[in-house]
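Shown here: query_23.pdb, PDB, C-alpha atoms and all ligand atoms.
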```pdb
ATOM      1  CA  MET X 662       5.685  -8.383  34.583  1.00  0.00           C
ATOM      2  CA  ASP X 663       2.766  -6.818  32.814  1.00  0.00           C
ATOM      3  CA  CYS X 664       2.338  -8.147  29.265  1.00  0.00           C
ATOM      4  CA  ARG X 665      -0.880  -7.637  27.476  1.00  0.00           C
ATOM      5  CA  TYR X 666      -2.529  -7.802  24.110  1.00  0.00           C
ATOM      6  CA  ILE X 667      -3.512  -4.324  22.922  1.00  0.00           C
ATOM      7  CA  THR X 668      -5.087  -4.534  19.498  1.00  0.00           C
ATOM      8  CA  SER X 669      -4.966  -5.993  16.006  1.00  0.00           C
ATOM      9  CA  ALA X 670      -4.876  -4.320  12.621  1.00  0.00           C
ATOM     10  CA  LEU X 671      -6.376  -5.914   9.546  1.00  0.00           C
ATOM     11  CA  LYS X 672      -6.162  -2.851   7.317  1.00  0.00           C
ATOM     12  CA  PRO X 673      -3.644   0.008   7.011  1.00  0.00           C
ATOM     13  CA  GLU X 674      -6.132   2.506   8.450  1.00  0.00           C
ATOM     14  CA  GLN X 675      -6.398   0.407  11.614  1.00  0.00           C
ATOM     15  CA  LEU X 676      -2.702   0.708  12.421  1.00  0.00           C
ATOM     16  CA  PRO X 677      -2.280   2.312  15.848  1.00  0.00           C
ATOM     17  CA  ASP X 678       0.125   5.157  16.659  1.00  0.00           C
ATOM     18  CA  PHE X 679       2.359   4.461  19.619  1.00  0.00           C
ATOM     19  CA  GLU X 680       4.835   6.629  21.446  1.00  0.00           C
ATOM     20  CA  LEU X 681       6.638   3.597  22.850  1.00  0.00           C
ATOM     21  CA  PRO X 682       9.431   1.910  20.901  1.00  0.00           C
ATOM     22  CA  GLU X 683       8.267  -1.091  18.915  1.00  0.00           C
ATOM     23  CA  LEU X 684       9.870  -4.373  17.883  1.00  0.00           C
ATOM     24  CA  ALA X 685       8.459  -6.006  14.738  1.00  0.00           C
ATOM     25  CA  PHE X 686       8.540  -9.797  14.338  1.00  0.00           C
ATOM     26  CA  ILE X 687       8.406 -10.663  10.668  1.00  0.00           C
ATOM     27  CA  GLY X 688       9.022 -13.839   8.680  1.00  0.00           C
ATOM     28  CA  ARG X 689       7.364 -16.566   6.623  1.00  0.00           C
ATOM     29  CA  SER X 690       4.373 -18.451   7.962  1.00  0.00           C
ATOM     30  CA  ASN X 691       5.400 -21.104  10.438  1.00  0.00           C
ATOM     31  CA  THR X 692       8.898 -19.731  11.192  1.00  0.00           C
ATOM     32  CA  GLY X 693       8.015 -19.475  14.870  1.00  0.00           C
ATOM     33  CA  LYS X 694       7.151 -15.789  15.310  1.00  0.00           C
ATOM     34  CA  SER X 695       4.322 -16.244  17.801  1.00  0.00           C
ATOM     35  CA  THR X 696       6.192 -18.948  19.698  1.00  0.00           C
ATOM     36  CA  LEU X 697       9.230 -16.672  20.009  1.00  0.00           C
ATOM     37  CA  ILE X 698       7.184 -13.751  21.351  1.00  0.00           C
ATOM     38  CA  ASN X 699       5.689 -16.013  24.009  1.00  0.00           C
ATOM     39  CA  ALA X 700       9.081 -17.509  24.884  1.00  0.00           C
ATOM     40  CA  LEU X 701      10.754 -14.100  25.191  1.00  0.00           C
ATOM     41  CA  LEU X 702       8.036 -12.901  27.529  1.00  0.00           C
ATOM     42  CA  GLY X 703       7.875 -16.092  29.569  1.00  0.00           C
ATOM     43  CA  HIS X 704       4.229 -16.363  28.581  1.00  0.00           C
ATOM     44  CA  SER X 705       2.590 -19.538  27.351  1.00  0.00           C
ATOM     45  CA  LYS X 706      -0.084 -18.169  25.076  1.00  0.00           C
ATOM     46  CA  LEU X 707      -0.088 -14.411  24.735  1.00  0.00           C
ATOM     47  CA  ALA X 708       0.626 -14.555  21.002  1.00  0.00           C
ATOM     48  CA  ARG X 709      -1.393 -17.278  19.357  1.00  0.00           C
ATOM     49  CA  HIS X 710       0.301 -20.072  17.467  1.00  0.00           C
ATOM     50  CA  GLY X 711      -1.209 -20.362  14.039  1.00  0.00           C
ATOM     51  CA  ARG X 712      -2.726 -23.737  13.303  1.00  0.00           C
ATOM     52  CA  THR X 713      -3.653 -22.711   9.788  1.00  0.00           C
ATOM     53  CA  PRO X 714      -0.817 -20.729   8.251  1.00  0.00           C
ATOM     54  CA  GLY X 715      -1.870 -17.790   6.135  1.00  0.00           C
ATOM     55  CA  GLN X 716      -5.354 -17.536   7.550  1.00  0.00           C
ATOM     56  CA  THR X 717      -5.042 -14.516   9.793  1.00  0.00           C
ATOM     57  CA  GLN X 718      -3.691 -11.522   7.960  1.00  0.00           C
ATOM     58  CA  MET X 719      -3.631  -9.268  10.984  1.00  0.00           C
ATOM     59  CA  ILE X 720      -0.873  -7.556  12.886  1.00  0.00           C
ATOM     60  CA  ASN X 721      -1.224  -8.225  16.601  1.00  0.00           C
ATOM     61  CA  PHE X 722       0.193  -5.709  19.060  1.00  0.00           C
ATOM     62  CA  PHE X 723       1.357  -6.434  22.605  1.00  0.00           C
ATOM     63  CA  GLN X 724       2.610  -4.112  25.303  1.00  0.00           C
ATOM     64  CA  VAL X 725       5.374  -5.162  27.666  1.00  0.00           C
ATOM     65  CA  ALA X 726       5.950  -3.583  31.063  1.00  0.00           C
ATOM     66  CA  HIS X 727       4.511  -0.239  29.857  1.00  0.00           C
ATOM     67  CA  GLN X 728       7.781   0.254  27.992  1.00  0.00           C
ATOM     68  CA  LEU X 729       7.816  -1.643  24.748  1.00  0.00           C
ATOM     69  CA  ILE X 730       5.454  -2.689  21.974  1.00  0.00           C
ATOM     70  CA  LEU X 731       5.872  -6.047  20.222  1.00  0.00           C
ATOM     71  CA  ALA X 732       4.160  -6.618  16.887  1.00  0.00           C
ATOM     72  CA  ASP X 733       3.434 -10.106  15.560  1.00  0.00           C
ATOM     73  CA  LEU X 734       3.192  -9.686  11.798  1.00  0.00           C
ATOM     74  CA  PRO X 735       1.263 -12.035   9.544  1.00  0.00           C
ATOM     75  CA  GLY X 736       3.419 -14.581   7.777  1.00  0.00           C
ATOM     76  CA  TYR X 737       4.021 -14.589   4.072  1.00  0.00           C
ATOM     77  CA  GLY X 738       5.136 -17.212   1.583  1.00  0.00           C
ATOM     78  CA  PHE X 739       1.858 -18.808   0.679  1.00  0.00           C
ATOM     79  CA  SER X 740       0.947 -16.726  -2.363  1.00  0.00           C
ATOM     80  CA  ALA X 741       0.718 -19.838  -4.524  1.00  0.00           C
ATOM     81  CA  ILE X 742      -1.909 -21.296  -2.215  1.00  0.00           C
ATOM     82  CA  ARG X 743      -4.062 -18.320  -1.270  1.00  0.00           C
ATOM     83  CA  ARG X 744      -3.748 -15.460  -3.685  1.00  0.00           C
ATOM     84  CA  ASP X 745      -6.545 -13.475  -1.973  1.00  0.00           C
ATOM     85  CA  VAL X 746      -4.744 -13.707   1.373  1.00  0.00           C
ATOM     86  CA  ALA X 747      -1.424 -12.648  -0.126  1.00  0.00           C
ATOM     87  CA  GLU X 748      -3.044  -9.585  -1.676  1.00  0.00           C
ATOM     88  CA  GLN X 749      -4.097  -8.299   1.748  1.00  0.00           C
ATOM     89  CA  TRP X 750      -0.612  -8.763   3.133  1.00  0.00           C
ATOM     90  CA  GLN X 751       1.342  -6.325   1.033  1.00  0.00           C
ATOM     91  CA  PRO X 752      -0.525  -3.029   1.597  1.00  0.00           C
ATOM     92  CA  LEU X 753      -0.820  -3.750   5.318  1.00  0.00           C
ATOM     93  CA  VAL X 754       2.873  -4.510   5.771  1.00  0.00           C
ATOM     94  CA  GLU X 755       3.984  -1.643   3.538  1.00  0.00           C
ATOM     95  CA  ALA X 756       2.001   0.816   5.665  1.00  0.00           C
ATOM     96  CA  TYR X 757       3.198  -0.874   8.842  1.00  0.00           C
ATOM     97  CA  VAL X 758       6.941  -0.604   8.178  1.00  0.00           C
ATOM     98  CA  ARG X 759       6.777   3.148   7.668  1.00  0.00           C
ATOM     99  CA  ARG X 760       5.681   3.813  11.237  1.00  0.00           C
ATOM    100  CA  PRO X 761       8.306   5.942  12.978  1.00  0.00           C
ATOM    101  CA  ASN X 762       8.309   4.287  16.417  1.00  0.00           C
ATOM    102  CA  ILE X 763       9.625   0.949  15.067  1.00  0.00           C
ATOM    103  CA  ARG X 764      13.014   0.437  16.633  1.00  0.00           C
ATOM    104  CA  ASP X 765      13.966  -2.966  15.247  1.00  0.00           C
ATOM    105  CA  PHE X 766      12.840  -5.543  12.733  1.00  0.00           C
ATOM    106  CA  LEU X 767      13.373  -9.097  13.877  1.00  0.00           C
ATOM    107  CA  PHE X 768      13.593 -10.931  10.566  1.00  0.00           C
ATOM    108  CA  LEU X 769      12.893 -14.578  11.334  1.00  0.00           C
ATOM    109  CA  VAL X 770      14.198 -17.392   9.147  1.00  0.00           C
ATOM    110  CA  ASP X 771      13.890 -21.119   9.835  1.00  0.00           C
ATOM    111  CA  CYS X 772      17.510 -22.233  10.209  1.00  0.00           C
ATOM    112  CA  ARG X 773      16.880 -25.185   7.859  1.00  0.00           C
ATOM    113  CA  ARG X 774      15.711 -23.014   4.979  1.00  0.00           C
ATOM    114  CA  GLU X 775      17.473 -20.982   2.309  1.00  0.00           C
ATOM    115  CA  LEU X 776      16.180 -17.510   1.566  1.00  0.00           C
ATOM    116  CA  ASN X 777      14.298 -17.156  -1.713  1.00  0.00           C
ATOM    117  CA  ASP X 778      13.579 -14.093  -3.867  1.00  0.00           C
ATOM    118  CA  GLU X 779      10.545 -13.176  -1.794  1.00  0.00           C
ATOM    119  CA  ASP X 780      12.594 -13.216   1.436  1.00  0.00           C
ATOM    120  CA  TRP X 781      15.392 -11.141  -0.077  1.00  0.00           C
ATOM    121  CA  GLU X 782      12.975  -8.580  -1.398  1.00  0.00           C
ATOM    122  CA  LEU X 783      11.442  -8.122   2.031  1.00  0.00           C
ATOM    123  CA  ALA X 784      14.843  -8.061   3.777  1.00  0.00           C
ATOM    124  CA  PHE X 785      15.939  -5.333   1.408  1.00  0.00           C
ATOM    125  CA  ILE X 786      12.845  -3.201   2.074  1.00  0.00           C
ATOM    126  CA  LEU X 787      13.083  -3.623   5.853  1.00  0.00           C
ATOM    127  CA  GLY X 788      16.841  -3.020   5.943  1.00  0.00           C
ATOM    128  CA  ARG X 789      16.367   0.355   4.303  1.00  0.00           C
ATOM    129  CA  ASN X 790      14.639   1.645   7.445  1.00  0.00           C
ATOM    130  CA  VAL X 791      16.688   0.072  10.238  1.00  0.00           C
ATOM    131  CA  PRO X 792      19.506  -2.525  10.117  1.00  0.00           C
ATOM    132  CA  LEU X 793      17.897  -5.969  10.408  1.00  0.00           C
ATOM    133  CA  TYR X 794      18.134  -8.161  13.462  1.00  0.00           C
ATOM    134  CA  VAL X 795      18.150 -11.607  11.853  1.00  0.00           C
ATOM    135  CA  VAL X 796      16.869 -14.508  13.938  1.00  0.00           C
ATOM    136  CA  LEU X 797      17.473 -18.081  12.797  1.00  0.00           C
ATOM    137  CA  THR X 798      14.685 -20.055  14.454  1.00  0.00           C
ATOM    138  CA  LYS X 799      14.274 -23.692  15.540  1.00  0.00           C
ATOM    139  CA  SER X 800      17.995 -24.112  16.187  1.00  0.00           C
ATOM    140  CA  ASP X 801      17.166 -27.347  18.044  1.00  0.00           C
ATOM    141  CA  LYS X 802      16.536 -28.900  14.606  1.00  0.00           C
ATOM    142  CA  VAL X 803      20.157 -28.786  13.439  1.00  0.00           C
ATOM    143  CA  ALA X 804      23.574 -29.718  14.832  1.00  0.00           C
ATOM    144  CA  LYS X 805      25.718 -26.949  16.365  1.00  0.00           C
ATOM    145  CA  HIS X 806      28.405 -27.012  13.679  1.00  0.00           C
ATOM    146  CA  GLU X 807      25.760 -26.823  10.948  1.00  0.00           C
ATOM    147  CA  LEU X 808      24.186 -23.833  12.634  1.00  0.00           C
ATOM    148  CA  HIS X 809      27.540 -22.119  12.859  1.00  0.00           C
ATOM    149  CA  SER X 810      28.257 -22.529   9.147  1.00  0.00           C
ATOM    150  CA  ARG X 811      24.678 -21.501   8.314  1.00  0.00           C
ATOM    151  CA  ILE X 812      25.186 -18.216  10.182  1.00  0.00           C
ATOM    152  CA  GLN X 813      28.490 -17.541   8.440  1.00  0.00           C
ATOM    153  CA  ARG X 814      27.067 -18.284   5.012  1.00  0.00           C
ATOM    154  CA  LEU X 815      24.036 -16.087   5.632  1.00  0.00           C
ATOM    155  CA  GLN X 816      26.277 -13.257   6.825  1.00  0.00           C
ATOM    156  CA  LYS X 817      28.203 -13.402   3.527  1.00  0.00           C
ATOM    157  CA  GLU X 818      25.041 -13.552   1.429  1.00  0.00           C
ATOM    158  CA  ILE X 819      23.534 -10.570   3.222  1.00  0.00           C
ATOM    159  CA  GLU X 820      26.730  -8.541   2.869  1.00  0.00           C
ATOM    160  CA  ALA X 821      26.903  -9.378  -0.826  1.00  0.00           C
ATOM    161  CA  LYS X 822      23.363  -8.053  -1.284  1.00  0.00           C
ATOM    162  CA  GLY X 823      24.222  -4.828   0.529  1.00  0.00           C
ATOM    163  CA  ILE X 824      21.516  -5.272   3.169  1.00  0.00           C
ATOM    164  CA  ALA X 825      22.167  -3.586   6.503  1.00  0.00           C
ATOM    165  CA  VAL X 826      22.277  -6.085   9.356  1.00  0.00           C
ATOM    166  CA  LYS X 827      22.642  -5.437  13.040  1.00  0.00           C
ATOM    167  CA  LYS X 828      23.232  -9.030  14.041  1.00  0.00           C
ATOM    168  CA  ILE X 829      22.424 -12.665  13.226  1.00  0.00           C
ATOM    169  CA  VAL X 830      21.396 -14.832  16.168  1.00  0.00           C
ATOM    170  CA  ALA X 831      20.117 -18.402  16.448  1.00  0.00           C
ATOM    171  CA  VAL X 832      17.305 -19.285  18.824  1.00  0.00           C
ATOM    172  CA  SER X 833      15.242 -22.236  19.908  1.00  0.00           C
ATOM    173  CA  SER X 834      12.029 -21.225  21.647  1.00  0.00           C
ATOM    174  CA  MET X 835      11.461 -24.887  22.393  1.00  0.00           C
ATOM    175  CA  LYS X 836      14.835 -25.508  24.074  1.00  0.00           C
ATOM    176  CA  ARG X 837      14.972 -21.911  25.343  1.00  0.00           C
ATOM    177  CA  GLN X 838      18.280 -21.215  23.672  1.00  0.00           C
ATOM    178  CA  GLY X 839      19.388 -17.785  22.490  1.00  0.00           C
ATOM    179  CA  LEU X 840      16.500 -16.019  24.209  1.00  0.00           C
ATOM    180  CA  ASP X 841      18.706 -14.181  26.716  1.00  0.00           C
ATOM    181  CA  GLN X 842      20.771 -12.819  23.851  1.00  0.00           C
ATOM    182  CA  VAL X 843      17.707 -11.404  22.090  1.00  0.00           C
ATOM    183  CA  ARG X 844      16.415  -9.832  25.313  1.00  0.00           C
ATOM    184  CA  GLU X 845      19.816  -8.359  26.090  1.00  0.00           C
ATOM    185  CA  ASP X 846      20.114  -6.874  22.598  1.00  0.00           C
ATOM    186  CA  LEU X 847      16.590  -5.539  22.192  1.00  0.00           C
ATOM    187  CA  PHE X 848      14.621  -5.358  25.419  1.00  0.00           C
ATOM    188  CA  GLY X 849      16.586  -2.569  27.077  1.00  0.00           C
ATOM    189  CA  THR X 850      15.962  -2.495  30.811  1.00  0.00           C
ATOM    190  CA  ILE X 851      13.018  -4.891  30.740  1.00  0.00           C
ATOM    191  CA  ILE X 852      13.844  -8.191  32.390  1.00  0.00           C
ATOM    192  CA  PRO X 853      11.066 -10.727  31.953  1.00  0.00           C
ATOM    193  CA  PRO X 854      10.841 -13.718  34.297  1.00  0.00           C
ATOM    194  CA  ARG X 855      12.635 -16.915  33.325  1.00  0.00           C
TER     195      ARG X 855
HETATM  196  N1  LIG X 901      11.386 -27.533  17.011  1.00  0.00           N
HETATM  197  C1  LIG X 901      10.926 -26.297  17.188  1.00  0.00           C
HETATM  198  N2  LIG X 901       9.679 -25.983  16.784  1.00  0.00           N
HETATM  199  C2  LIG X 901       9.258 -24.717  16.950  1.00  0.00           C
HETATM  200  C3  LIG X 901      10.075 -23.730  17.573  1.00  0.00           C
HETATM  201  N3  LIG X 901       9.399 -22.566  17.583  1.00  0.00           N
HETATM  202  C4  LIG X 901       8.196 -22.820  16.996  1.00  0.00           C
HETATM  203  N4  LIG X 901       8.098 -24.111  16.615  1.00  0.00           N
HETATM  204  C5  LIG X 901       6.940 -24.747  15.964  1.00  0.00           C
HETATM  205  O1  LIG X 901       6.758 -24.211  14.662  1.00  0.00           O
HETATM  206  C6  LIG X 901       5.376 -24.095  14.348  1.00  0.00           C
HETATM  207  C7  LIG X 901       5.035 -22.677  13.955  1.00  0.00           C
HETATM  208  O2  LIG X 901       5.210 -21.803  15.050  1.00  0.00           O
HETATM  209  P1  LIG X 901       4.438 -20.405  15.136  1.00  0.00           P
HETATM  210  O3  LIG X 901       4.986 -19.699  16.315  1.00  0.00           O
HETATM  211  O4  LIG X 901       2.963 -20.607  15.078  1.00  0.00           O
HETATM  212  O5  LIG X 901       4.925 -19.727  13.778  1.00  0.00           O
HETATM  213  P2  LIG X 901       4.446 -18.363  13.108  1.00  0.00           P
HETATM  214  O6  LIG X 901       3.506 -18.752  12.007  1.00  0.00           O
HETATM  215  O7  LIG X 901       5.693 -17.774  12.539  1.00  0.00           O
HETATM  216  O8  LIG X 901       3.830 -17.527  14.173  1.00  0.00           O
HETATM  217  C8  LIG X 901       4.611 -24.577  15.588  1.00  0.00           C
HETATM  218  O9  LIG X 901       4.242 -25.912  15.388  1.00  0.00           O
HETATM  219  C9  LIG X 901       5.643 -24.441  16.702  1.00  0.00           C
HETATM  220  O10 LIG X 901       5.423 -25.357  17.755  1.00  0.00           O
HETATM  221  C10 LIG X 901      11.389 -24.119  18.046  1.00  0.00           C
HETATM  222  O11 LIG X 901      12.175 -23.349  18.613  1.00  0.00           O
HETATM  223  N5  LIG X 901      11.746 -25.417  17.824  1.00  0.00           N
HETATM  224 MG    MG X 902       1.895 -16.746  14.339  1.00  0.00          MG
END
```
Written as structure tokens, how would this file's structure read?
Ligand SMILES: Nc1nc2c(ncn2[C@@H]2O[C@H](COP(=O)(O)OP(=O)(O)O)[C@@H](O)[C@H]2O)c(=O)[nH]1
Ligand SMILES: [Mg+2]
Amino acid sequence: MDCRYITSALKPEQLPDFELPELAFIGRSNTGKSTLINALLGHSKLARHGRTPGQTQMINFFQVAHQLILADLPGYGFSAIRRDVAEQWQPLVEAYVRRPNIRDFLFLVDCRRELNDEDWELAFILGRNVPLYVVLTKSDKVAKHELHSRIQRLQKEIEAKGIAVKKIVAVSSMKRQGLDQVREDLFGTIIPPR
């Protein structure tokens, strides 16, 4: 299957226009966005794993099988550490989310974390465009029953906030769990190799 890196955008004016449908991977730094993109595509290092969270404030675009665009968005949640970096994030992401070819937002949350005000604010903004596809990452880090109650609790919290959600799924890129579900829900006819 043909998967390739297309381009990166550092500034709003560098955002490309695509005709193809696009899936946006968005979440805090270190939630596993890049690892999930690689795992979904059966690729070991197409999207780069960040060693230094918050350093690269770029959106990286990948094309899959000439049919789909995947966008790896820069993480957030480090404003206390690097104010200058955080200030680049907002205008870029605000311009990004308005692009009409975005089909789904994959909102990634580490399954061991609670959402804070910053997460809720973003979820609200994203959910206004398209119902969110919520992905609880690193499911290998918690017991099954814990994961189950985490999903149920999150579902209630999201409903209470009035945020539109398509689905909540749990994945482990490391143990390769939940990946088939995500592909089935969002990849359409594209079937990447196992
Ligand atoms: N245990 C576990 N670790 C993971 C998983 N996915 C990613 N990680 C680790 O989490 C860290 C951050 O991952 P990365 O993909 O760079 O996160 P990003 O900043 O959101 O792109 C890395 O050390 C990964 O190896 C997973 O499914 N399970
Ligand atoms: Mg990354």
List all protein, DNA and RNA residues that have an atom no more than 7 Å from any atom of ligand LIG 901 (chain X), counting only C-alpha atoms and all ligand atoms, and report them as a ChimeraX atom specification. /X:688-697,709-712,714,736,798-802,832-836
How far is it from atom CA of X:Phe679 to atom CA of X:Ile730, in Å with one decimal?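 Taking atom CA of X:Phe679 as the start and atom CA of X:Ile730 as the end point, the length is 8.1 Å.
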Using only C-alpha atoms and all ligand atoms, find the one residue out of X:Val725, X:Ala804, X:Met719, X:Leu767 that sits nearest to ligand MG 902 (chain X).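 For ligand MG 902 (chain X), the nearest of the given residues is X:Met719.
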My list of candidates is X:Glu748, X:Asp771, X:Asp733, X:Asp780. Which is closest to X:Ile698 when distances are computed with only C-alpha atoms?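 Smallest separation from X:Ile698 among the options: X:Asp733.
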Nearest to X:Gly839, restricted to only C-alpha atoms and choosing among X:Ile720, X:Leu797, X:Leu707, X:Leu729, comes out as X:Leu797
In Å to one decimal, how far is atom CA of X:Glu782 from atom CA of X:Glu683? 22.2 Å
Shortest contact to ligand MG 902 (chain X), candidates X:Gln751, X:Thr850, X:Gln718, X:Gln838, atoms counted only C-alpha atoms and all ligand atoms, goes to X:Gln718
All residues 9 Å or closer to X:Leu847, all atoms listed in the file, same chain fewer than 3 positions away omitted, as a list in words: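 The neighbour list is Leu684, Arg764, Asp765, Gln842, Val843 and Arg844 of chain X.
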Using only C-alpha atoms, can you list as an MDAnalysis selection string the residues within 9 Å of (21.5, -3.0, 13.8)? chainID X and resid 765 791:794 825:828
Show me, as a list of chain:residue names, the residues that have an atom within 9 Å of X:Gln816 when counting all atoms listed in the file, minus same-chain residues fewer than 3 positions from it.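 Returned residues: X:Arg811, X:Ile812, X:Gln813, X:Ile819, X:Glu820, X:Ala821, X:Val826, X:Lys828, X:Ile829.
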Could you please determine the separation between atom CA of X:Pro752 and atom CA of X:Gln724 in Å, to one decimal place? 23.9 Å
For ligand MG 902 (chain X), which residue among X:Val803, X:Leu734, X:Leu783, X:Leu671 is the nearest when counting all atoms listed in the file?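 Nearest candidate to ligand MG 902 (chain X) out of X:Val803, X:Leu734, X:Leu783, X:Leu671: X:Leu734.
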Give me the result of the PyMOL selection byres (((chain X and resi 703) around 10) and not hetatm) on this file, residue by residue, as a list in words.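 Against this file, the PyMOL selection byres (((chain X and resi 703) around 10) and not hetatm) returns the residues Met662, Cys664, Leu697, Ile698, Asn699, Ala700, Leu701, Leu702, His704, Ser705, Lys706, Leu707, Pro853, Pro854 and Arg855 of chain X.
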Residue nearest ligand MG 902 (chain X) - candidates X:Pro682, X:Pro677, X:Pro761, X:Pro735, atoms counted: only C-alpha atoms and all ligand atoms: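 Nearest to ligand MG 902 (chain X): X:Pro735.
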Write out as JSON an axis-aligned box for stretch 812-823 of chain X: all of its atoms listed in the file, 4 Å added on each side, centre and edge lengths in Å with one decimal.
```
{"center_x": 25.9, "center_y": -11.6, "center_z": 4.4, "size_x": 13.1, "size_y": 21.5, "size_z": 19.5}
```
For the structure shown, which residues end up in the PyMOL selection byres (((chain X and resi 666-670) around 6) and not hetatm)? Put them as a ChimeraX atom specification, please? /X:665,671-672,675-676,719-723
Rebuild N, CA and C atoms on stretch 769-782 of chain X, as a PDB file, keeping the file's coordinate frame?
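Dumped to rebuild_8.pdb:
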```pdb
ATOM      1  N   LEU X 769      12.768 -13.172  10.938  1.00  0.00           N
ATOM      2  CA  LEU X 769      12.893 -14.578  11.334  1.00  0.00           C
ATOM      3  C   LEU X 769      13.020 -15.506  10.125  1.00  0.00           C
ATOM      4  N   VAL X 770      13.975 -16.412  10.210  1.00  0.00           N
ATOM      5  CA  VAL X 770      14.198 -17.392   9.147  1.00  0.00           C
ATOM      6  C   VAL X 770      14.393 -18.753   9.808  1.00  0.00           C
ATOM      7  N   ASP X 771      13.688 -19.753   9.341  1.00  0.00           N
ATOM      8  CA  ASP X 771      13.890 -21.119   9.835  1.00  0.00           C
ATOM      9  C   ASP X 771      15.320 -21.522   9.470  1.00  0.00           C
ATOM     10  N   CYS X 772      16.084 -21.973  10.455  1.00  0.00           N
ATOM     11  CA  CYS X 772      17.510 -22.233  10.209  1.00  0.00           C
ATOM     12  C   CYS X 772      17.749 -23.349   9.185  1.00  0.00           C
ATOM     13  N   ARG X 773      16.710 -24.098   8.847  1.00  0.00           N
ATOM     14  CA  ARG X 773      16.880 -25.185   7.859  1.00  0.00           C
ATOM     15  C   ARG X 773      16.586 -24.721   6.440  1.00  0.00           C
ATOM     16  N   ARG X 774      16.110 -23.495   6.304  1.00  0.00           N
ATOM     17  CA  ARG X 774      15.711 -23.014   4.979  1.00  0.00           C
ATOM     18  C   ARG X 774      16.714 -22.044   4.364  1.00  0.00           C
ATOM     19  N   GLU X 775      16.722 -22.010   3.034  1.00  0.00           N
ATOM     20  CA  GLU X 775      17.473 -20.982   2.309  1.00  0.00           C
ATOM     21  C   GLU X 775      16.505 -19.832   2.051  1.00  0.00           C
ATOM     22  N   LEU X 776      17.050 -18.636   1.904  1.00  0.00           N
ATOM     23  CA  LEU X 776      16.180 -17.510   1.566  1.00  0.00           C
ATOM     24  C   LEU X 776      15.871 -17.532   0.067  1.00  0.00           C
ATOM     25  N   ASN X 777      14.647 -17.249  -0.288  1.00  0.00           N
ATOM     26  CA  ASN X 777      14.298 -17.156  -1.713  1.00  0.00           C
ATOM     27  C   ASN X 777      14.104 -15.685  -2.108  1.00  0.00           C
ATOM     28  N   ASP X 778      13.699 -15.466  -3.359  1.00  0.00           N
ATOM     29  CA  ASP X 778      13.579 -14.093  -3.867  1.00  0.00           C
ATOM     30  C   ASP X 778      12.627 -13.249  -3.020  1.00  0.00           C
ATOM     31  N   GLU X 779      11.548 -13.880  -2.592  1.00  0.00           N
ATOM     32  CA  GLU X 779      10.545 -13.176  -1.794  1.00  0.00           C
ATOM     33  C   GLU X 779      11.149 -12.699  -0.458  1.00  0.00           C
ATOM     34  N   ASP X 780      11.932 -13.572   0.167  1.00  0.00           N
ATOM     35  CA  ASP X 780      12.594 -13.216   1.436  1.00  0.00           C
ATOM     36  C   ASP X 780      13.581 -12.073   1.229  1.00  0.00           C
ATOM     37  N   TRP X 781      14.376 -12.165   0.166  1.00  0.00           N
ATOM     38  CA  TRP X 781      15.392 -11.141  -0.077  1.00  0.00           C
ATOM     39  C   TRP X 781      14.767  -9.785  -0.346  1.00  0.00           C
ATOM     40  N   GLU X 782      13.660  -9.827  -1.076  1.00  0.00           N
ATOM     41  CA  GLU X 782      12.975  -8.580  -1.398  1.00  0.00           C
ATOM     42  C   GLU X 782      12.509  -7.884  -0.121  1.00  0.00           C
TER      43      GLU X 782
END
```
